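Asker: Provided below: model.txt, containing compact mmCIF, C-alpha atoms.
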# COMPACT_ATOMS: atom_id res chain seq x y z
CA MET A 1 131.77 73.71 85.04
CA LYS A 2 131.93 76.87 87.07
CA PHE A 3 133.53 79.58 85.04
CA ALA A 4 134.43 79.83 81.41
CA ALA A 5 137.91 81.06 82.30
CA LEU A 6 138.71 77.59 83.59
CA LYS A 7 138.04 75.97 80.27
CA ASP A 8 140.52 74.78 77.72
CA GLY A 9 141.25 77.55 75.32
CA GLY A 10 139.79 80.11 77.66
CA GLY A 11 142.95 82.16 78.01
CA TRP A 12 141.47 85.34 76.65
CA LEU A 13 138.58 84.91 79.00
CA ALA A 14 140.94 84.56 81.92
CA ALA A 15 142.75 87.67 80.75
CA SER A 16 139.55 89.64 80.59
CA GLY A 17 138.72 88.44 84.09
CA ALA A 18 142.08 89.67 85.30
CA VAL A 19 141.46 93.05 83.73
CA LEU A 20 138.06 93.20 85.36
CA THR A 21 139.56 92.34 88.69
CA ALA A 22 142.16 95.03 88.23
CA MET A 23 139.37 97.49 87.66
CA GLY A 24 138.02 96.63 91.07
CA LEU A 25 135.01 94.80 89.75
CA GLY A 26 136.29 91.27 89.94
CA THR A 27 134.58 89.69 92.90
CA THR A 28 131.98 92.28 93.79
CA THR A 29 128.83 91.76 91.83
CA VAL A 30 125.71 93.82 92.24
CA ARG A 31 123.06 92.35 94.50
CA ALA A 32 119.98 92.35 92.41
CA HIS A 33 116.58 93.68 93.36
CA GLY A 34 113.88 91.09 93.87
CA PHE A 35 115.66 87.83 93.01
CA VAL A 36 115.65 84.47 94.76
CA GLY A 37 117.68 82.18 92.53
CA ASP A 38 116.07 82.03 89.10
CA ARG A 39 112.93 83.84 90.26
CA PHE A 40 112.41 87.56 89.86
CA PHE A 41 109.72 88.93 92.15
CA PRO A 42 108.52 92.30 90.86
CA PRO A 43 107.91 95.10 93.35
CA THR A 44 104.18 95.20 93.95
CA ILE A 45 102.19 98.38 94.40
CA GLN A 46 99.66 97.86 97.19
CA THR A 47 101.50 95.27 99.27
CA ASP A 48 105.15 95.62 100.16
CA ASP A 49 107.51 93.00 98.72
CA PRO A 50 109.85 90.98 100.97
CA PHE A 51 113.13 92.35 99.61
CA ALA A 52 115.50 94.58 101.56
CA VAL A 53 117.21 96.16 98.57
CA ASP A 54 117.73 99.49 96.86
CA GLU A 55 114.46 100.66 95.34
CA LEU A 56 112.87 103.90 94.20
CA ALA A 57 109.15 104.21 93.49
CA LEU A 58 108.60 107.54 91.79
CA PRO A 59 105.79 108.34 91.53
CA THR A 60 102.91 106.30 92.85
CA VAL A 61 99.65 108.02 91.88
CA SER A 62 96.27 106.73 93.00
CA THR A 63 92.72 107.97 93.08
CA ILE A 64 89.63 106.53 94.72
CA ILE A 65 86.33 107.81 96.09
CA ASN A 66 85.96 107.21 99.81
CA PRO A 67 82.46 106.56 101.21
CA GLY A 68 80.79 109.07 103.51
CA SER A 69 78.59 112.07 103.45
CA PRO A 70 79.71 113.63 101.28
CA ALA A 71 81.78 111.07 99.41
CA THR A 72 85.34 112.27 98.95
CA ARG A 73 87.70 111.72 96.07
CA GLU A 74 91.18 111.05 97.43
CA THR A 75 94.13 111.50 95.10
CA ASP A 76 97.56 110.49 96.40
CA ILE A 77 100.97 111.16 94.89
CA GLY A 78 103.75 109.32 96.65
CA VAL A 79 107.44 108.60 96.55
CA SER A 80 109.35 105.84 98.32
CA PHE A 81 113.09 105.27 98.52
CA SER A 82 114.76 102.23 100.02
CA LYS A 83 118.48 101.75 100.71
CA GLU A 84 120.28 98.63 101.81
CA ILE A 85 122.34 99.66 104.83
CA LEU A 86 123.76 96.32 105.95
CA PRO A 87 123.63 93.07 103.96
CA LYS A 88 119.95 92.14 103.66
CA PHE A 89 118.91 95.04 105.91
CA ALA A 90 117.32 98.12 104.36
CA ILE A 91 115.70 101.33 105.53
CA SER A 92 113.11 103.16 103.47
CA LEU A 93 111.39 106.53 103.55
CA SER A 94 108.01 107.19 102.03
CA GLU A 95 106.01 110.38 101.68
CA THR A 96 102.64 111.02 100.11
CA TYR A 97 100.86 114.17 99.05
CA VAL A 98 97.13 113.75 99.63
CA ASN A 99 94.39 115.74 97.96
CA LEU A 100 90.86 115.36 99.34
CA ALA A 101 87.96 116.61 97.24
CA PRO A 102 84.57 116.20 98.97
CA GLU A 103 81.69 116.34 96.51
CA GLY A 104 80.38 119.89 96.27
CA MET A 105 83.03 121.30 98.57
CA PRO A 106 86.49 122.84 98.13
CA SER A 107 89.36 120.39 98.12
CA VAL A 108 92.17 120.36 100.62
CA GLY A 109 95.66 119.03 100.17
CA GLY A 110 98.80 118.36 102.15
CA PHE A 111 101.48 115.86 102.98
CA ASP A 112 100.67 112.79 105.01
CA ASN A 113 102.88 111.70 107.87
CA LEU A 114 106.36 110.59 106.88
CA SER A 115 106.67 106.81 106.89
CA LEU A 116 109.87 104.96 107.75
CA ASN A 117 110.46 101.27 107.32
CA ALA A 118 113.19 98.87 108.38
CA LYS A 119 113.33 95.40 106.87
CA TYR A 120 115.61 92.39 107.16
CA GLN A 121 115.66 89.37 104.85
CA LEU A 122 115.70 86.60 107.40
CA TRP A 123 115.59 83.48 105.25
CA GLU A 124 115.82 82.44 101.60
CA ASN A 125 115.50 79.08 99.89
CA VAL A 126 116.80 79.26 96.33
CA PRO A 127 115.62 75.86 94.96
CA HIS A 128 112.11 76.55 96.22
CA GLU A 129 112.14 80.26 95.32
CA ALA A 130 111.08 81.21 98.85
CA ILE A 131 111.88 84.21 101.02
CA PHE A 132 110.84 85.39 104.48
CA SER A 133 111.56 88.81 105.95
CA VAL A 134 110.74 90.80 109.07
CA GLY A 135 110.48 94.53 109.59
CA SER A 136 108.47 97.41 110.90
CA ASP A 137 106.80 100.54 109.61
CA TRP A 138 106.86 103.75 111.61
CA ASP A 139 104.40 106.45 110.61
CA VAL A 140 105.95 109.47 112.27
CA GLY A 141 103.21 111.38 114.04
CA GLY A 142 102.98 115.13 113.62
CA THR A 143 104.97 115.30 110.39
CA GLY A 144 101.92 115.59 108.14
CA ALA A 145 99.15 118.11 107.57
CA LYS A 146 96.24 117.92 110.01
CA LYS A 147 93.83 119.25 107.38
CA ILE A 148 94.11 115.98 105.44
CA GLY A 149 93.81 113.86 108.58
CA ALA A 150 97.46 113.24 109.44
CA THR A 151 97.56 112.47 113.14
CA SER A 152 99.99 113.56 115.81
CA ALA A 153 100.26 109.97 117.03
CA ASN A 154 103.02 107.64 115.96
CA VAL A 155 101.99 104.30 114.51
CA PHE A 156 104.33 101.32 114.66
CA THR A 157 103.53 98.29 112.51
CA PRO A 158 105.75 95.23 113.00
CA THR A 159 105.35 93.17 109.84
CA VAL A 160 106.37 89.84 108.37
CA TYR A 161 106.87 89.52 104.61
CA TYR A 162 106.97 86.41 102.49
CA GLY A 163 107.38 85.33 98.91
CA LYS A 164 107.09 81.99 97.14
CA GLY A 165 107.59 81.16 93.49
CA PHE A 166 106.16 77.97 92.09
CA GLY A 167 108.98 77.09 89.73
CA ASP A 168 109.55 73.92 91.77
CA LEU A 169 106.24 72.39 90.71
CA PRO A 170 106.49 69.07 88.83
CA ASP A 171 106.58 68.95 85.05
CA ALA A 172 102.94 67.85 84.97
CA LEU A 173 102.06 71.36 86.17
CA THR A 174 104.38 73.14 83.76
CA TYR A 175 102.15 76.11 83.04
CA ALA A 176 101.58 76.76 86.76
CA ARG A 177 105.30 77.26 87.37
CA PRO A 178 105.30 81.00 86.47
CA PHE A 179 102.92 81.70 89.38
CA ALA A 180 104.30 83.41 92.47
CA LEU A 181 102.82 84.70 95.70
CA THR A 182 104.06 87.48 97.97
CA GLY A 183 102.37 88.87 101.03
CA THR A 184 102.54 90.75 104.31
CA LEU A 185 101.04 90.47 107.78
CA GLY A 186 101.42 93.29 110.28
CA VAL A 187 99.77 94.78 113.36
CA GLU A 188 99.41 98.52 113.87
CA PHE A 189 100.26 99.89 117.32
CA PRO A 190 99.30 103.58 117.50
CA THR A 191 100.50 105.74 120.37
CA SER A 192 96.95 107.04 120.73
CA ALA A 193 93.54 105.63 121.60
CA ASP A 194 93.00 104.51 118.02
CA PRO A 195 92.34 100.78 117.54
CA ASN A 196 94.99 98.21 116.87
CA THR A 197 94.64 96.92 113.35
CA VAL A 198 95.85 93.86 111.51
CA ASP A 199 97.15 94.82 108.07
CA TRP A 200 97.21 91.85 105.77
CA GLY A 201 97.57 91.39 102.08
CA PHE A 202 99.02 89.32 99.33
CA ALA A 203 99.78 89.46 95.63
CA LEU A 204 99.31 86.63 93.17
CA GLU A 205 101.23 87.05 89.93
CA TYR A 206 101.81 85.16 86.71
CA ASN A 207 105.29 85.94 85.45
CA LEU A 208 105.28 85.83 81.64
CA PRO A 209 109.06 86.52 81.36
CA TYR A 210 109.57 83.49 83.63
CA LEU A 211 107.30 81.43 81.38
CA GLN A 212 109.33 82.42 78.33
CA SER A 213 112.80 81.94 79.82
CA GLU A 214 112.38 79.04 82.25
CA VAL A 215 109.35 76.99 81.27
CA LYS A 216 108.47 77.19 77.60
CA ASP A 217 109.12 79.74 74.89
CA ILE A 218 105.63 80.11 73.45
CA GLY A 219 106.72 82.90 71.15
CA LEU A 220 105.10 85.75 73.03
CA PRO A 221 105.95 89.00 71.21
CA GLY A 222 106.83 92.23 72.94
CA PRO A 223 105.51 93.92 74.97
CA PHE A 224 103.58 90.91 76.30
CA ASN A 225 106.74 88.92 77.00
CA LYS A 226 107.68 91.56 79.59
CA MET A 227 104.34 91.71 81.35
CA ILE A 228 103.36 90.25 84.70
CA PRO A 229 99.61 90.12 85.35
CA VAL A 230 98.96 90.51 89.06
CA VAL A 231 96.09 90.64 91.53
CA GLU A 232 96.79 92.27 94.87
CA PHE A 233 94.61 91.99 97.97
CA ALA A 234 95.14 94.61 100.68
CA PHE A 235 93.05 94.55 103.86
CA SER A 236 92.90 96.12 107.32
CA THR A 237 91.05 94.51 110.25
CA PRO A 238 90.69 96.53 113.48
CA PHE A 239 90.32 94.22 116.47
CA ASN A 240 89.68 96.44 119.51
CA ARG A 241 88.57 99.91 120.69
CA GLY A 242 85.52 99.91 118.45
CA GLY A 243 87.57 99.87 115.32
CA GLY A 244 84.82 98.94 112.89
CA PRO A 245 84.69 96.38 110.10
CA THR A 246 87.42 95.06 107.89
CA THR A 247 88.16 97.27 104.92
CA GLY A 248 90.22 96.47 101.89
CA THR A 249 90.68 96.48 98.18
CA ILE A 250 91.23 93.97 95.40
CA ASN A 251 93.62 95.26 92.79
CA PRO A 252 93.97 93.51 89.44
CA GLY A 253 96.55 94.97 87.11
CA ILE A 254 99.62 94.64 84.94
CA LEU A 255 103.29 95.20 85.68
CA TYR A 256 105.52 95.88 82.67
CA GLU A 257 109.22 95.15 83.08
CA ASN A 258 111.95 97.12 81.42
CA ASN A 259 115.66 96.76 82.10
CA TYR A 260 115.66 100.03 84.00
CA PHE A 261 112.17 100.48 85.38
CA GLN A 262 108.82 98.87 85.96
CA ILE A 263 105.52 100.48 85.07
CA GLY A 264 102.51 99.22 86.96
CA ALA A 265 98.81 100.01 86.77
CA GLU A 266 96.02 98.47 88.79
CA ALA A 267 92.34 98.98 89.37
CA ILE A 268 91.34 99.57 93.00
CA ILE A 269 88.15 97.64 93.66
CA PRO A 270 86.60 98.11 97.11
CA ALA A 271 86.13 94.72 98.73
CA ASN A 272 83.04 95.77 100.70
CA SER A 273 80.70 98.71 101.24
CA ALA A 274 82.71 99.88 104.24
CA THR A 275 85.61 100.49 101.87
CA GLY A 276 83.61 102.20 99.15
CA GLY A 277 81.45 101.60 96.19
CA ARG A 278 83.37 102.90 93.21
CA VAL A 279 86.46 101.64 91.46
CA GLY A 280 89.67 103.63 91.65
CA ALA A 281 93.06 103.25 90.02
CA VAL A 282 96.74 103.35 90.87
CA PHE A 283 99.78 103.91 88.66
CA GLN A 284 103.41 103.51 89.63
CA ILE A 285 106.87 103.78 88.13
CA GLN A 286 109.47 101.72 89.95
CA ILE A 287 112.96 102.81 88.97
CA TYR A 288 115.64 100.12 89.16
CA ILE A 289 118.34 102.35 90.56
CA ASP A 290 120.77 99.43 90.96
CA ASP A 291 120.62 98.92 87.19
CA ILE A 292 121.04 102.59 86.40
CA TRP A 293 123.83 103.28 88.90
CA PRO A 294 125.35 99.85 89.63
CA LYS A 295 128.45 101.35 91.26
CA THR A 296 126.33 103.43 93.64
CA PHE A 297 123.35 101.19 94.33
CA GLY A 298 122.84 97.46 94.59
CA HIS A 299 125.30 97.19 97.47
CA PRO A 300 124.87 97.64 101.22
CA LEU A 301 126.45 100.78 102.63
CA PHE A 302 128.43 98.64 105.08
CA GLY A 303 129.60 95.07 104.54
CA GLU A 304 129.17 92.74 101.58
CA MET B 305 90.50 120.82 88.74
CA LYS B 306 92.40 122.07 91.69
CA THR B 307 93.99 118.64 91.94
CA MET B 308 95.13 118.72 88.31
CA VAL B 309 96.88 122.04 88.80
CA LYS B 310 99.03 120.41 91.45
CA ILE B 311 99.62 117.17 89.61
CA ILE B 312 100.84 118.47 86.25
CA PRO B 313 104.10 120.12 87.41
CA PHE B 314 104.93 117.00 89.42
CA GLN B 315 104.44 114.81 86.33
CA HIS B 316 106.68 117.06 84.27
CA TRP B 317 109.35 116.87 86.90
CA THR B 318 109.07 113.08 87.05
CA LEU B 319 109.30 112.70 83.29
CA ALA B 320 112.34 114.96 83.23
CA CYS B 321 114.00 112.80 85.87
CA LEU B 322 113.23 109.60 83.95
CA PHE B 323 114.57 111.13 80.74
CA CYS B 324 117.83 112.03 82.46
CA LEU B 325 118.06 108.54 83.96
CA ALA B 326 117.44 106.93 80.60
CA LEU B 327 120.20 108.99 79.00
CA GLN B 328 122.67 107.66 81.51
CA ALA B 329 121.40 104.10 81.36
CA THR B 330 122.18 103.08 77.83
CA VAL B 331 124.38 100.06 78.50
CA TRP B 332 123.73 98.77 82.02
CA ALA B 333 121.28 96.32 83.46
CA HIS B 334 120.64 92.73 84.42
CA ALA B 335 121.20 90.18 81.66
CA PHE B 336 118.06 88.13 81.10
CA LEU B 337 117.58 85.27 78.67
CA ASP B 338 116.11 86.73 75.52
CA ARG B 339 115.93 83.52 73.45
CA SER B 340 117.82 80.31 73.00
CA ASP B 341 118.57 77.56 70.52
CA PRO B 342 117.22 74.98 71.27
CA GLN B 343 114.20 76.95 72.44
CA VAL B 344 113.17 76.90 76.08
CA GLY B 345 110.92 73.89 76.73
CA SER B 346 111.08 72.67 73.14
CA SER B 347 110.89 69.13 71.76
CA ILE B 348 113.16 68.56 68.77
CA THR B 349 114.00 65.64 66.54
CA ASN B 350 117.53 66.54 65.41
CA PRO B 351 120.12 66.61 68.21
CA PRO B 352 121.68 70.10 68.41
CA SER B 353 125.42 70.50 68.03
CA GLU B 354 125.49 73.39 70.48
CA VAL B 355 123.39 75.45 72.87
CA LYS B 356 123.13 79.15 72.13
CA ILE B 357 121.63 81.67 74.54
CA TRP B 358 121.02 85.26 73.55
CA PHE B 359 120.89 87.59 76.56
CA THR B 360 119.44 91.07 76.89
CA GLN B 361 122.79 92.60 77.85
CA GLU B 362 126.44 92.16 77.04
CA LEU B 363 128.18 89.67 79.31
CA GLU B 364 131.37 89.33 81.27
CA PRO B 365 132.38 85.80 80.14
CA ALA B 366 134.98 85.22 82.84
CA PHE B 367 132.19 85.06 85.38
CA SER B 368 129.54 83.33 83.29
CA SER B 369 128.75 79.67 82.76
CA ILE B 370 126.48 77.24 80.97
CA VAL B 371 126.11 73.60 81.96
CA VAL B 372 124.04 71.09 79.99
CA GLN B 373 122.95 68.04 81.99
CA ASP B 374 121.18 64.85 81.01
CA ALA B 375 118.20 63.43 82.92
CA GLN B 376 120.56 61.87 85.47
CA GLY B 377 122.25 65.19 86.17
CA LYS B 378 125.48 64.30 84.35
CA GLU B 379 127.17 67.14 82.49
CA VAL B 380 127.18 66.38 78.76
CA ASP B 381 128.46 69.59 77.17
CA LYS B 382 131.98 69.95 75.73
CA LYS B 383 133.01 72.58 78.30
CA ASP B 384 134.04 75.06 75.63
CA LEU B 385 131.85 77.99 76.64
CA HIS B 386 132.57 81.11 74.65
CA LEU B 387 131.07 84.41 73.64
CA ASP B 388 130.13 84.81 70.02
CA ALA B 389 132.87 86.70 68.23
CA LYS B 390 130.49 89.38 66.92
CA ASN B 391 127.81 89.41 69.59
CA LYS B 392 128.89 89.98 73.19
CA SER B 393 125.45 89.03 74.46
CA LEU B 394 125.45 85.56 72.87
CA LEU B 395 126.90 82.65 74.83
CA GLU B 396 127.57 79.34 73.11
CA ILE B 397 128.64 75.88 74.25
CA SER B 398 129.17 72.80 72.08
CA LEU B 399 127.50 69.44 72.53
CA PRO B 400 128.55 65.91 71.53
CA PRO B 401 126.03 63.78 69.64
CA LEU B 402 123.17 63.39 72.11
CA SER B 403 120.67 60.55 72.35
CA ALA B 404 116.94 60.92 72.88
CA GLY B 405 115.97 62.30 76.26
CA THR B 406 115.38 65.44 78.27
CA TYR B 407 118.28 67.80 78.96
CA THR B 408 118.59 70.71 81.36
CA VAL B 409 120.52 73.88 80.56
CA ILE B 410 121.73 75.74 83.66
CA TRP B 411 123.22 79.20 83.21
CA HIS B 412 124.80 81.80 85.44
CA VAL B 413 125.93 85.09 83.93
CA VAL B 414 127.36 88.40 84.98
CA SER B 415 126.55 91.38 82.80
CA VAL B 416 129.23 93.91 82.01
CA ASP B 417 128.07 96.11 84.88
CA THR B 418 128.54 93.15 87.31
CA HIS B 419 124.87 92.25 87.81
CA ARG B 420 124.40 88.52 88.39
CA THR B 421 121.48 86.51 87.03
CA GLN B 422 120.82 82.83 86.63
CA GLY B 423 118.28 80.46 85.16
CA ARG B 424 117.59 77.03 83.77
CA PHE B 425 115.42 75.43 81.15
CA LYS B 426 114.83 72.06 79.55
CA PHE B 427 114.68 70.74 76.02
CA THR B 428 113.79 67.28 74.81
CA ILE B 429 115.24 65.25 71.95
CA LYS B 430 112.66 62.80 70.63
Translate the structure described by the file into structure tokens.
Answerer:
Amino acid sequence: MKFAALKDGGGWLAASGAVLTAMGLGTTTVRAHGFVGDRFFPPTIQTDDPFAVDELALPTVSTIINPGSPATRETDIGVSFSKEILPKFAISLSETYVNLAPEGMPSVGGFDNLSLNAKYQLWENVPHEAIFSVGSDWDVGGTGAKKIGATSANVFTPTVYYGKGFGDLPDALTYARPFALTGTLGVEFPTSADPNTVDWGFALEYNLPYLQSEVKDIGLPGPFNKMIPVVEFAFSTPFNRGGGPTTGTINPGILYENNYFQIGAEAIIPANSATGGRVGAVFQIQIYIDDIWPKTFGHPLFGE
Amino acid sequence: MKTMVKIIPFQHWTLACLFCLALQATVWAHAFLDRSDPQVGSSITNPPSEVKIWFTQELEPAFSSIVVQDAQGKEVDKKDLHLDAKNKSLLEISLPPLSAGTYTVIWHVVSVDTHRTQGRFKFTIK
């Protein structure tokens, strides 16, 4: 069976389909954010997800104390907007206001360099809930405030993105099926003498809505049945020009899914002493603009 | 403290935006499975006469489907999918008398704002 309208006694359904078609909605459905088949991959906070879709993260607020003498509390407030231009090809813009507060000294604040990103979903496998994408970041040099360390150099970061849900595991591993993994691997190429750096990270999540709707209804009450526990790992490894040691953070947290937005909060735990010694935090609201304005978003600007 | 002075107006502005968005977003979104009868992943002793799936949004039935398959992948439902007369987010399909075994329910739906979603789950008759 494909569609209910084809069924015996489905005349009124067929009629409603005709009306829908007449309204211009008939064959054009909204391309959803973050889906591969049955699997919904939530947008993660510290590592970019592999989807080239319409997204709006507003705001992303984080705070952490950076090591040094003196140690400096960095508080970032960011916004990121992504728009699908061609089918499976999206461009995004991100901007962050940075406040730096060295201990015992006056704080300084300003905007970081504007960041642009282009991403293309290269491959999807629906039965195996897998996706692979390619893209590049461009941190536009000279667009930020020098007083907070924004450089005049451009930084290009070609990146691969991947995602894999484990819904295809055998029945013997039923309770492992809600797990999913997403990740990125990129290399920074600055137009200055700064080192090249490998940016790598991944997010491991346990999707409780997936457990409830695909695997086994264990009777989880709200709000827990809309939560996705996640641990993100985000690292940078310089590999030339005296770039120093690997730095990175481990970020355990919770993503809460609503029909129209996602709220996420994670701890920022420095992975080593080069990264820092004190735990920070990040909070984000991801607004599902394709759900709120389905006639405006959820479609590529050109093509279907 | 200097940081807080800068953050507070931004938060107010963000909350105002979200409030406005929420006002406009009272009926649209993806339709997700809210609950079902038989329950997802359940083992039951009495064969059900139908499969009911409650979704989180109202549906466009002309572009929605439910298929119930046995362990060999053969469709066993009565192909009479319909929306509940009083609840536009409840899809129902009838079943013939079923023997013991594991059955898979495969659904594809389009919500009234044209968002597509899909899913599948199993139930077992002992």
Asker: When you count only C-alpha atoms, which of these residues is closest to Phe427 of chain B: A:Val215, A:Ala234, A:Leu255, A:Tyr260?
Answerer: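 Nearest candidate to Phe427 of chain B out of A:Val215, A:Ala234, A:Leu255, A:Tyr260: A:Val215.
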Asker: Applying 12 Å and all atoms listed in the file, which residues near Asn258 of chain A remain after dropping the ones on its own chain fewer than 3 positions away? List them as JSON, numbers by chain.
Answerer: {"A": [42, 209, 222, 223, 224, 225, 226, 227, 228, 255, 261, 262, 263, 264, 285, 286, 287, 288, 291, 292], "B": [326, 329, 332, 333, 334, 335, 336, 360]}
Asker: List the neighbours of Pro67 of chain A out to 7 Å using all atoms listed in the file; skip same-chain residues closer than 5 positions along the sequence, and give me the result as an MDAnalysis selection string.
Answerer: chainID A and resid 72 275:276
Asker: Would you list which chain B residues are within 7 Å of chain A using all atoms listed in the file, as a PyMOL selection string?
Answerer: chain B and resi 307+329+332-334+337+343-346+365-369+371+383-385+417-420+422-425
Asker: Write out as a list in words which residues come within 7 Å of segment 391-393 of chain B when counting all atoms listed in the file, dropping same-chain ones fewer than 3 positions away.
Answerer: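 The residues that qualify are Trp358, Phe359, Thr360, Gln361, Glu362, Leu363, Leu387 and Asp388 of chain B.
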Asker: Using only C-alpha atoms, which protein or nucleic acid residues come within 6 Å of segment 185-200 of chain A? Drop anything in the same chain fewer than 6 positions from it, and give the result as a PyMOL selection string.
Answerer: chain A and resi 153-160+235-241+243
Asker: Could you tell me how far atom CA of Pro400 of chain B sits from atom CA of Asp341 of chain B, in Å to one decimal place?
Answerer: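 Interatomic distance, atom CA of Asp341 of chain B to atom CA of Pro400 of chain B: 15.4 Å.
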Asker: Calculated over all atoms listed in the file, which of the candidates B:Val409, B:Thr421, B:Val416, B:Leu402 has the smallest distance to Ser340 of chain B?
Answerer: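 Of B:Val409, B:Thr421, B:Val416, B:Leu402, the one nearest Ser340 of chain B, counting all atoms listed in the file, is B:Val409.
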Asker: With all atoms listed in the file as the basis for distance, which of A:Thr247, A:Ser136, A:Thr182, A:Asn272 is at the shortest distance from Val230 of chain A?
Answerer: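 Closest to Val230 of chain A, using all atoms listed in the file: A:Thr182.
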Asker: Would you give the centre and edge lengths, in Å to one decimal, of a box along x, y and z around the listed atoms of segment 360-368 of chain B, with 6 Å added to each side, as JSON?
Answerer:
{"center_x": 127.2, "center_y": 88.0, "center_z": 81.1, "size_x": 27.5, "size_y": 21.3, "size_z": 20.5}
